[in-house]
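Below is work13.cif, holding mmCIF, N, CA and C atoms.
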```
data_work
#
loop_
_atom_site.label_atom_id
_atom_site.label_comp_id
_atom_site.auth_asym_id
_atom_site.auth_seq_id
_atom_site.Cartn_x
_atom_site.Cartn_y
_atom_site.Cartn_z
N MET A 1 29.56 166.26 112.03
CA MET A 1 29.34 164.84 111.93
C MET A 1 30.65 164.07 112.08
N GLU A 2 31.71 164.55 111.44
CA GLU A 2 33.00 163.88 111.54
C GLU A 2 33.49 163.87 112.98
N LYS A 3 33.32 164.98 113.66
CA LYS A 3 33.74 165.08 115.06
C LYS A 3 33.03 164.04 115.92
N ASP A 4 31.74 163.84 115.67
CA ASP A 4 30.96 162.85 116.41
C ASP A 4 31.49 161.44 116.16
N GLU A 5 31.81 161.14 114.91
CA GLU A 5 32.34 159.82 114.57
C GLU A 5 33.68 159.56 115.25
N LEU A 6 34.53 160.57 115.28
CA LEU A 6 35.84 160.42 115.92
C LEU A 6 35.67 160.22 117.42
N GLU A 7 34.74 160.94 118.01
CA GLU A 7 34.46 160.76 119.44
C GLU A 7 33.90 159.37 119.71
N ALA A 8 33.05 158.88 118.83
CA ALA A 8 32.51 157.52 118.97
C ALA A 8 33.62 156.49 118.86
N ASP A 9 34.58 156.70 117.97
CA ASP A 9 35.73 155.79 117.86
C ASP A 9 36.50 155.76 119.18
N ARG A 10 36.75 156.94 119.75
CA ARG A 10 37.53 157.03 120.99
C ARG A 10 36.79 156.34 122.14
N ILE A 11 35.51 156.62 122.27
CA ILE A 11 34.73 156.02 123.36
C ILE A 11 34.64 154.51 123.17
N GLY A 12 34.43 154.07 121.95
CA GLY A 12 34.37 152.64 121.67
C GLY A 12 35.66 151.93 122.04
N MET A 13 36.80 152.58 121.76
CA MET A 13 38.09 151.99 122.11
C MET A 13 38.23 151.87 123.63
N MET A 14 37.74 152.84 124.37
CA MET A 14 37.80 152.79 125.83
C MET A 14 36.92 151.67 126.37
N TYR A 15 35.73 151.52 125.80
CA TYR A 15 34.84 150.44 126.23
C TYR A 15 35.47 149.08 125.96
N MET A 16 36.05 148.91 124.77
CA MET A 16 36.65 147.61 124.47
C MET A 16 37.82 147.32 125.40
N ALA A 17 38.59 148.35 125.76
CA ALA A 17 39.72 148.15 126.67
C ALA A 17 39.22 147.75 128.05
N ARG A 18 38.20 148.42 128.55
CA ARG A 18 37.64 148.07 129.87
C ARG A 18 37.06 146.67 129.88
N ALA A 19 36.57 146.22 128.74
CA ALA A 19 35.99 144.88 128.65
C ALA A 19 37.06 143.81 128.47
N GLY A 20 38.33 144.22 128.39
CA GLY A 20 39.42 143.26 128.28
C GLY A 20 39.86 142.94 126.87
N TYR A 21 39.39 143.71 125.91
CA TYR A 21 39.84 143.54 124.53
C TYR A 21 41.00 144.50 124.27
N ASN A 22 42.01 144.03 123.56
CA ASN A 22 43.18 144.85 123.29
C ASN A 22 42.80 146.01 122.37
N PRO A 23 42.94 147.26 122.85
CA PRO A 23 42.52 148.41 122.05
C PRO A 23 43.39 148.65 120.82
N GLU A 24 44.55 148.02 120.76
CA GLU A 24 45.38 148.18 119.56
C GLU A 24 44.66 147.65 118.32
N ALA A 25 43.70 146.75 118.53
CA ALA A 25 42.94 146.21 117.40
C ALA A 25 42.13 147.30 116.71
N ALA A 26 41.66 148.29 117.47
CA ALA A 26 40.89 149.39 116.86
C ALA A 26 41.75 150.16 115.87
N VAL A 27 43.00 150.38 116.24
CA VAL A 27 43.92 151.09 115.34
C VAL A 27 44.19 150.23 114.11
N ARG A 28 44.40 148.93 114.32
CA ARG A 28 44.70 148.04 113.19
C ARG A 28 43.55 147.99 112.18
N VAL A 29 42.31 148.05 112.67
CA VAL A 29 41.16 148.03 111.76
C VAL A 29 41.26 149.19 110.78
N TRP A 30 41.53 150.40 111.30
CA TRP A 30 41.54 151.57 110.42
C TRP A 30 42.81 151.64 109.59
N GLU A 31 43.89 151.05 110.06
CA GLU A 31 45.09 150.95 109.21
C GLU A 31 44.80 150.02 108.04
N ARG A 32 44.08 148.95 108.32
CA ARG A 32 43.72 148.00 107.27
C ARG A 32 42.77 148.66 106.26
N MET A 33 41.82 149.43 106.77
CA MET A 33 40.90 150.13 105.88
C MET A 33 41.65 151.14 105.02
N ALA A 34 42.67 151.77 105.58
CA ALA A 34 43.45 152.74 104.82
C ALA A 34 44.16 152.07 103.66
N GLY A 35 44.45 150.78 103.79
CA GLY A 35 45.11 150.04 102.73
C GLY A 35 44.18 149.66 101.59
N ALA A 36 42.88 149.75 101.83
CA ALA A 36 41.91 149.43 100.78
C ALA A 36 41.73 150.66 99.89
N SER A 37 41.38 150.41 98.67
CA SER A 37 41.15 151.54 97.75
C SER A 37 39.83 152.22 98.09
N ASP A 38 39.71 153.48 97.73
CA ASP A 38 38.47 154.21 97.96
C ASP A 38 37.29 153.51 97.30
N ASP A 39 37.53 152.99 96.11
CA ASP A 39 36.47 152.31 95.38
C ASP A 39 36.00 151.07 96.14
N GLN A 40 36.94 150.30 96.68
CA GLN A 40 36.58 149.11 97.46
C GLN A 40 35.77 149.49 98.69
N ILE A 41 36.18 150.54 99.35
CA ILE A 41 35.49 150.98 100.56
C ILE A 41 34.08 151.45 100.22
N GLU A 42 33.96 152.27 99.19
CA GLU A 42 32.65 152.79 98.80
C GLU A 42 31.70 151.66 98.41
N ARG A 43 32.21 150.66 97.71
CA ARG A 43 31.36 149.53 97.32
C ARG A 43 30.95 148.73 98.54
N ALA A 44 31.86 148.56 99.48
CA ALA A 44 31.57 147.73 100.65
C ALA A 44 30.62 148.43 101.62
N LEU A 45 30.87 149.69 101.88
CA LEU A 45 30.07 150.41 102.88
C LEU A 45 29.81 151.84 102.42
N SER A 46 28.62 152.12 102.04
CA SER A 46 28.31 153.47 101.56
C SER A 46 28.35 154.51 102.67
N ILE A 47 28.37 154.10 103.94
CA ILE A 47 28.40 155.07 105.04
C ILE A 47 29.67 155.89 105.06
N PHE A 48 30.70 155.44 104.37
CA PHE A 48 31.97 156.16 104.44
C PHE A 48 31.93 157.53 103.79
N SER A 49 30.87 157.82 103.05
CA SER A 49 30.79 159.14 102.44
C SER A 49 30.58 160.23 103.49
N THR A 50 30.04 159.89 104.65
CA THR A 50 29.81 160.89 105.70
C THR A 50 30.73 160.69 106.90
N HIS A 51 31.64 159.77 106.81
CA HIS A 51 32.52 159.46 107.93
C HIS A 51 33.93 160.00 107.68
N PRO A 52 34.69 160.17 108.76
CA PRO A 52 36.07 160.65 108.60
C PRO A 52 36.92 159.66 107.80
N ARG A 53 37.94 160.18 107.17
CA ARG A 53 38.86 159.32 106.41
C ARG A 53 39.63 158.42 107.36
N ASP A 54 40.09 157.31 106.85
CA ASP A 54 40.76 156.30 107.66
C ASP A 54 41.99 156.83 108.38
N PHE A 55 42.82 157.63 107.68
CA PHE A 55 44.04 158.11 108.31
C PHE A 55 43.72 159.03 109.49
N LYS A 56 42.65 159.79 109.39
CA LYS A 56 42.27 160.68 110.50
C LYS A 56 41.79 159.86 111.69
N ARG A 57 41.01 158.83 111.42
CA ARG A 57 40.54 157.96 112.50
C ARG A 57 41.73 157.29 113.17
N THR A 58 42.67 156.82 112.39
CA THR A 58 43.85 156.18 112.95
C THR A 58 44.63 157.15 113.81
N GLN A 59 44.79 158.38 113.35
CA GLN A 59 45.51 159.40 114.14
C GLN A 59 44.84 159.64 115.48
N VAL A 60 43.53 159.80 115.47
CA VAL A 60 42.79 160.07 116.71
C VAL A 60 42.89 158.87 117.65
N LEU A 61 42.73 157.67 117.13
CA LEU A 61 42.82 156.48 117.98
C LEU A 61 44.22 156.32 118.56
N ARG A 62 45.24 156.56 117.75
CA ARG A 62 46.62 156.47 118.26
C ARG A 62 46.87 157.49 119.38
N ARG A 63 46.31 158.67 119.25
CA ARG A 63 46.49 159.70 120.27
C ARG A 63 45.89 159.25 121.61
N HIS A 64 44.80 158.51 121.56
CA HIS A 64 44.13 158.06 122.79
C HIS A 64 44.53 156.64 123.20
N LEU A 65 45.40 156.00 122.44
CA LEU A 65 45.79 154.62 122.73
C LEU A 65 46.44 154.45 124.10
N PRO A 66 47.32 155.35 124.57
CA PRO A 66 47.90 155.15 125.91
C PRO A 66 46.84 155.07 127.01
N GLU A 67 45.83 155.91 126.93
CA GLU A 67 44.74 155.86 127.92
C GLU A 67 44.00 154.53 127.83
N ALA A 68 43.72 154.09 126.62
CA ALA A 68 43.00 152.83 126.43
C ALA A 68 43.84 151.64 126.88
N LEU A 69 45.14 151.67 126.62
CA LEU A 69 46.01 150.58 127.06
C LEU A 69 46.07 150.50 128.58
N ALA A 70 46.03 151.63 129.26
CA ALA A 70 46.01 151.62 130.72
C ALA A 70 44.73 150.96 131.22
N LEU A 71 43.60 151.25 130.58
CA LEU A 71 42.34 150.60 130.95
C LEU A 71 42.40 149.10 130.68
N TYR A 72 43.00 148.74 129.55
CA TYR A 72 43.13 147.32 129.18
C TYR A 72 43.99 146.59 130.20
N GLU A 73 45.11 147.20 130.58
CA GLU A 73 45.99 146.56 131.55
C GLU A 73 45.30 146.39 132.90
N ALA A 74 44.41 147.30 133.24
CA ALA A 74 43.70 147.23 134.52
C ALA A 74 42.51 146.28 134.49
N ALA A 75 42.08 145.87 133.31
CA ALA A 75 40.92 144.97 133.22
C ALA A 75 41.26 143.62 133.84
N PRO A 76 40.43 143.12 134.77
CA PRO A 76 40.76 141.88 135.45
C PRO A 76 40.71 140.65 134.54
N VAL A 77 39.91 140.67 133.51
CA VAL A 77 39.81 139.53 132.60
C VAL A 77 40.17 140.00 131.20
N LYS A 78 41.08 139.28 130.58
CA LYS A 78 41.48 139.59 129.21
C LYS A 78 40.77 138.63 128.27
N ARG A 79 40.38 139.11 127.13
CA ARG A 79 39.65 138.27 126.18
C ARG A 79 40.55 137.26 125.50
N ASP A 80 41.85 137.30 125.80
CA ASP A 80 42.74 136.27 125.27
C ASP A 80 42.77 135.07 126.22
N GLY A 81 41.96 135.13 127.28
CA GLY A 81 41.87 134.02 128.21
C GLY A 81 42.65 134.22 129.49
N SER A 82 43.53 135.22 129.55
CA SER A 82 44.30 135.42 130.77
C SER A 82 43.44 136.14 131.80
N LEU A 83 43.82 135.99 133.04
CA LEU A 83 43.04 136.52 134.14
C LEU A 83 43.98 137.10 135.17
N ARG A 84 43.65 138.26 135.69
CA ARG A 84 44.44 138.85 136.77
C ARG A 84 43.69 138.57 138.06
N LEU A 85 44.03 137.46 138.71
CA LEU A 85 43.32 137.03 139.90
C LEU A 85 43.39 138.05 141.02
N ALA A 86 44.52 138.75 141.13
CA ALA A 86 44.68 139.71 142.22
C ALA A 86 43.67 140.85 142.11
N ASP A 87 43.16 141.09 140.93
CA ASP A 87 42.23 142.20 140.74
C ASP A 87 40.76 141.81 140.86
N LEU A 88 40.50 140.51 140.97
CA LEU A 88 39.12 140.09 141.10
C LEU A 88 38.62 140.36 142.51
N PRO A 89 37.34 140.66 142.66
CA PRO A 89 36.82 140.88 144.01
C PRO A 89 36.85 139.58 144.80
N PRO A 90 36.98 139.66 146.12
CA PRO A 90 37.01 138.43 146.91
C PRO A 90 35.68 137.70 146.80
N MET A 91 35.76 136.39 146.90
CA MET A 91 34.54 135.59 146.84
C MET A 91 33.74 135.81 148.11
N ALA A 92 32.45 135.83 147.96
CA ALA A 92 31.59 135.97 149.13
C ALA A 92 31.66 134.68 149.95
N GLN A 93 31.64 134.83 151.25
CA GLN A 93 31.64 133.66 152.12
C GLN A 93 30.25 133.02 152.08
N PRO A 94 30.21 131.70 152.00
CA PRO A 94 28.89 131.06 152.02
C PRO A 94 28.23 131.27 153.38
N PRO A 95 26.93 131.35 153.42
CA PRO A 95 26.28 131.53 154.71
C PRO A 95 26.54 130.34 155.62
N ARG A 96 26.75 130.62 156.88
CA ARG A 96 27.00 129.54 157.84
C ARG A 96 25.68 128.95 158.28
N ALA A 97 25.74 127.69 158.53
CA ALA A 97 24.54 127.01 159.02
C ALA A 97 24.22 127.52 160.42
N ALA A 98 22.98 127.74 160.68
CA ALA A 98 22.57 128.21 162.01
C ALA A 98 22.78 127.10 163.02
N LYS A 99 23.31 127.47 164.20
CA LYS A 99 23.51 126.48 165.26
C LYS A 99 22.19 126.23 165.95
N LYS A 100 21.95 124.96 166.26
CA LYS A 100 20.69 124.61 166.93
C LYS A 100 20.92 124.46 168.39
#
```

Starting from the coordinates I provided, produce the structure as structure tokens.
Amino acid sequence: MEKDELEADRIGMMYMARAGYNPEAAVRVWERMAGASDDQIERALSIFSTHPRDFKRTQVLRRHLPEALALYEAAPVKRDGSLRLADLPPMAQPPRAAKK
């Protein structure tokens, strides 16, 4: 079960990077969770009893971060509002009016 959760974390980070979201945020989430006490986490989300510990999730995400950052850099639209125009597909030409 833990292995599945870690794989889901990795795949989720890749999806967010391809969608133009900075994958470093995934690592920050689990670093922040690691700063919370076990009691706080258990009260907030009971699912953590079957999930990997925060430090392990952070380690796995950090290991895959270079791959995710490459996907993020290649994403034509960034969710911070920036756009890589050179990477967008060319606009389709409007149909020409038929000559009579």

Tell me which protein, DNA and RNA residues are within 10 Å of A:Arg79, counting only C-alpha atoms, leaving out same-chain ones fewer than 5 positions away, and put them as a ChimeraX atom specification.
/A:16-17,19-22

At a cut-off of 8 Å, using all atoms listed in the file, what residues contact A:Arg62? Leave out same-chain residues fewer than 6 positions from it and give the result as a PyMOL selection string.
chain A and resi 26-27+56

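Put simply, the PyMOL selection byres ((chain A and resi 61) around 8) on this file hits Leu6, Asp9, Arg10, Met13, Ala26, Val27, Phe55, Lys56, Arg57, Thr58, Gln59, Val60, Arg62, Arg63, His64, Leu65 and Pro66 of chain A.
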
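Atom to atom, atom C of A:Glu5 and atom C of A:Leu69 stand 20.3 Å apart.
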
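As for atom N of A:Lys3 and atom C of A:Gly35, they are spaced 22.3 Å apart.
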
Quick check, in Å to one decimal: how far apart do atom N of A:Asp4 and atom C of A:Tyr72 lie?
25.7 Å
